[in-house]
Amino acid sequence: MIAHFAVFLGFQLIGEVITRALDLSLPGPVIGMALLTVVLMARPQFGDDIASTANGFLAHLSVLYVPAGVGIAPSMSISSTALVGRSWLRSSYPRCSPSAPEH
Amino acid sequence: MTEILHIWSYLSEGPPLWLTLTVVAYVIGDNCFRLAGRKPYVNSVLIAMILLSILLKVTDTSYRTYFEGAQFVHFMLGTATVAMAVPLWSNWQRVKASDVPILEALAVGSVVSMISSVAVGALFGLRDEVLLSLVPKSATSPVAIGIAEAIGGLPTLMVALVLITGVIGAVVTTPLLNSLGVRDSRGRGFATGVAAHGLGTARAFQVHGTAGAFASIGMVLNAILTALIAPIFVQLIL
């Protein structure tokens, strides 16, 4: 499993190097993904090996968005979280009320 | 008491505390999602975000300090993007079998997302760089930052808009597609990925493996297409 992880990180690194070297507007990971797809098509056996690691990793993709999300949570609560968070937030934590966004 | 304060002041400045709490908050959110019967509006990311921002506020911790720890999780976004090569590869035959509908859906989805957001923004009086920041809102965040720099938007605002798009997308796509009568997992997944990038894709993976695979394909293709056409679109509207 750790070897499979090294593969993903390796392709990410290659992608970063390519995008910097060629001054592309595409981000490194997207290039890394495209390259890995080409490699998998050439060597399907390799794809069968890494599939379980990739699928397990992608099943928890959403946790990776939490850090960036926390940065915008105060401003989001005014605009779009009426669905879940707002009324609860207001009643149980008035100081964090949506009417006083941080930024 | 001073002992506790000592431990706190050490922990609150270092990465382990906020890294752990990020994962714990997500686990709480994920459990809420399961306990609520996997309802789309009980979004685990949204719950984790709210819990952590309350915690930061209560403990008077800056986002910068928080990010020192949480950046390790954040970094893995790029690695996860690379890992999406696997569902792309394993579904390649099915992608090829429906290449024309996929390309049509991609072109329409990508262009409509740009035009609609800019049109609504302009209608409400947004101008210049704030308006431009709306253009790549449906592209995945690492791509959107690159586009923001290229077209002259505000990168920070852009990341916020991208995330808001993703959360709204993850929450509304299931009821929306149900009411539109879209039943094909491939179509549902692809639409979610094009409109709501990684957060939509994460949601699609929760619902169905095929939907997740097509959502990652939609996300990736939309990221590439947006990077290519956003500069042209901006020239047309300016």
# chains A, B, ... in the order shown; residues from 1 in each chain; ligands from 1
>>> interface_residues(of="chain B", to="chain A", cutoff="6 Å", atoms="only C-alpha atoms", output="list of chain:residue names")
B:Val45, B:Met49, B:Ser53, B:Ala70, B:Val73, B:His74, B:Leu77, B:Gly78, B:Thr79, B:Thr81, B:Val82, B:Ala83, B:Ala85, B:Trp89, B:Val143, B:Ala160, B:Ala202
>>> write_last_selection(atoms="C-alpha atoms", output="short mmCIF file (atom, residue, chain, number, x, y, z; two decimals), in the first residue's frame")
data_model
loop_
_atom_site.label_atom_id
_atom_site.label_comp_id
_atom_site.auth_asym_id
_atom_site.auth_seq_id
_atom_site.Cartn_x
_atom_site.Cartn_y
_atom_site.Cartn_z
CA VAL B 45 -17.46 18.34 5.13
CA MET B 49 -16.09 22.95 8.77
CA SER B 53 -14.57 27.10 12.90
CA ALA B 70 -4.15 20.96 8.62
CA VAL B 73 -4.44 16.97 4.86
CA HIS B 74 -4.79 19.84 2.38
CA LEU B 77 -5.79 16.96 -2.53
CA GLY B 78 -3.16 16.91 -5.24
CA THR B 79 -2.28 13.29 -4.53
CA THR B 81 -6.21 14.08 -8.06
CA VAL B 82 -3.41 11.82 -9.30
CA ALA B 83 -5.18 8.76 -7.86
CA ALA B 85 -6.23 8.14 -12.88
CA TRP B 89 -8.50 4.04 -16.52
CA VAL B 143 -6.86 24.58 -11.22
CA ALA B 160 -13.99 30.55 -1.42
CA ALA B 202 -16.73 12.91 -3.12
#
>>> residues_around(residues="B:Val130", least_positions_apart="2", cutoff="9 Å", atoms="only C-alpha atoms", output="list in words")
Gly121, Leu126, Arg127, Asp128, Leu132, Ser133, Leu134, Gly153, Leu154, Leu157 and Met158 of chain B
>>> residues_around(residues="B:Phe67", least_positions_apart="4", cutoff="8 Å", atoms="only C-alpha atoms", output="ChimeraX atom specification")
/A:67 /B:18,63,71
>>> write_last_selection(atoms="N, CA and C atoms", output="compact mmCIF listing (two decimals), in the first residue's frame")
# COMPACT_ATOMS: atom_id res chain seq x y z
N PRO A 67 -9.69 21.42 5.48
CA PRO A 67 -8.84 22.58 5.84
C PRO A 67 -9.16 23.84 5.05
N TRP B 18 -4.15 20.31 15.55
CA TRP B 18 -5.13 20.69 14.53
C TRP B 18 -5.25 19.66 13.42
N TYR B 63 -6.50 31.22 11.80
CA TYR B 63 -6.56 30.24 10.72
C TYR B 63 -5.15 29.80 10.31
N GLN B 71 -2.44 21.57 6.97
CA GLN B 71 -1.89 21.59 5.62
C GLN B 71 -1.51 20.19 5.11
>>> closest_residue(among="B:Val42, B:Leu11, B:Phe72, B:Val111", to="B:Ile232", atoms="only C-alpha atoms")
B:Val111
>>> atom_distance(atom1="atom CA of B:Gly200", atom2="atom CA of B:Phe75")
18.9 Å
>>> closest_residue(among="B:Ala144, B:Leu228, B:Val135, B:Leu103", to="B:Ala119", atoms="only C-alpha atoms")
B:Val135
>>> select_by_dssp(residues="stretch 8-217 of chain B", states="helix (DSSP H, G or I)", output="ChimeraX atom specification")
/B:8-13,15-35,44-58,63-83,85-90,92-97,99-123,128-132,141-151,155-180,185-207,209-217
>>> residues_around(residues="B:Val220", least_positions_apart="3", cutoff="10 Å", atoms="only C-alpha atoms", output="PyMOL selection string")
(chain A and resi 30+33-34) or (chain B and resi 81+84-85+88+139-140+143+193-194+197-198+214-217+223-226)
>>> atom_distance(atom1="atom CA of B:Val172", atom2="atom CA of B:Val24")
25.3 Å
>>> atom_distance(atom1="atom CA of B:Ala227", atom2="atom CA of B:Leu106")
13.3 Å
>>> closest_residue(among="B:Pro15, B:Pro231, B:Gly169, B:Gly209", to="B:Ala148", atoms="only C-alpha atoms")
B:Pro231
>>> decode(residues="stretch 41-57 of chain A", atoms="N, CA and C atoms", output="short mmCIF file (atom, residue, chain, number, x, y, z; two decimals), in the first residue's frame")
data_model
loop_
_atom_site.label_atom_id
_atom_site.label_comp_id
_atom_site.auth_asym_id
_atom_site.auth_seq_id
_atom_site.Cartn_x
_atom_site.Cartn_y
_atom_site.Cartn_z
N MET A 41 -2.82 2.47 -19.01
CA MET A 41 -3.33 1.88 -20.24
C MET A 41 -2.28 0.99 -20.89
N ALA A 42 -1.02 1.40 -20.75
CA ALA A 42 0.05 0.60 -21.32
C ALA A 42 0.30 -0.66 -20.48
N ARG A 43 0.08 -0.56 -19.16
CA ARG A 43 0.34 -1.70 -18.27
C ARG A 43 -0.85 -1.96 -17.35
N PRO A 44 -1.88 -2.62 -17.87
CA PRO A 44 -3.11 -2.85 -17.07
C PRO A 44 -2.82 -3.63 -15.78
N GLN A 45 -1.82 -4.50 -15.80
CA GLN A 45 -1.47 -5.29 -14.62
C GLN A 45 -1.18 -4.37 -13.43
N PHE A 46 -0.47 -3.28 -13.71
CA PHE A 46 -0.10 -2.30 -12.70
C PHE A 46 -1.37 -1.64 -12.13
N GLY A 47 -2.34 -1.40 -12.98
CA GLY A 47 -3.59 -0.79 -12.55
C GLY A 47 -4.34 -1.69 -11.57
N ASP A 48 -4.34 -3.01 -11.87
CA ASP A 48 -5.01 -3.94 -10.96
C ASP A 48 -4.34 -3.92 -9.59
N ASP A 49 -3.01 -3.73 -9.59
CA ASP A 49 -2.27 -3.70 -8.32
C ASP A 49 -2.67 -2.49 -7.46
N ILE A 50 -2.72 -1.31 -8.10
CA ILE A 50 -2.92 -0.10 -7.30
C ILE A 50 -4.40 0.25 -7.11
N ALA A 51 -5.31 -0.48 -7.75
CA ALA A 51 -6.73 -0.10 -7.72
C ALA A 51 -7.30 -0.03 -6.30
N SER A 52 -6.96 -1.01 -5.45
CA SER A 52 -7.60 -1.02 -4.12
C SER A 52 -7.13 0.17 -3.29
N THR A 53 -5.84 0.52 -3.39
CA THR A 53 -5.34 1.69 -2.66
C THR A 53 -6.03 2.96 -3.16
N ALA A 54 -6.13 3.10 -4.49
CA ALA A 54 -6.73 4.31 -5.06
C ALA A 54 -8.19 4.43 -4.66
N ASN A 55 -8.93 3.32 -4.73
CA ASN A 55 -10.35 3.40 -4.41
C ASN A 55 -10.59 3.68 -2.93
N GLY A 56 -9.75 3.07 -2.07
CA GLY A 56 -9.87 3.35 -0.64
C GLY A 56 -9.59 4.81 -0.33
N PHE A 57 -8.59 5.34 -0.99
CA PHE A 57 -8.19 6.74 -0.81
C PHE A 57 -9.31 7.67 -1.29
#
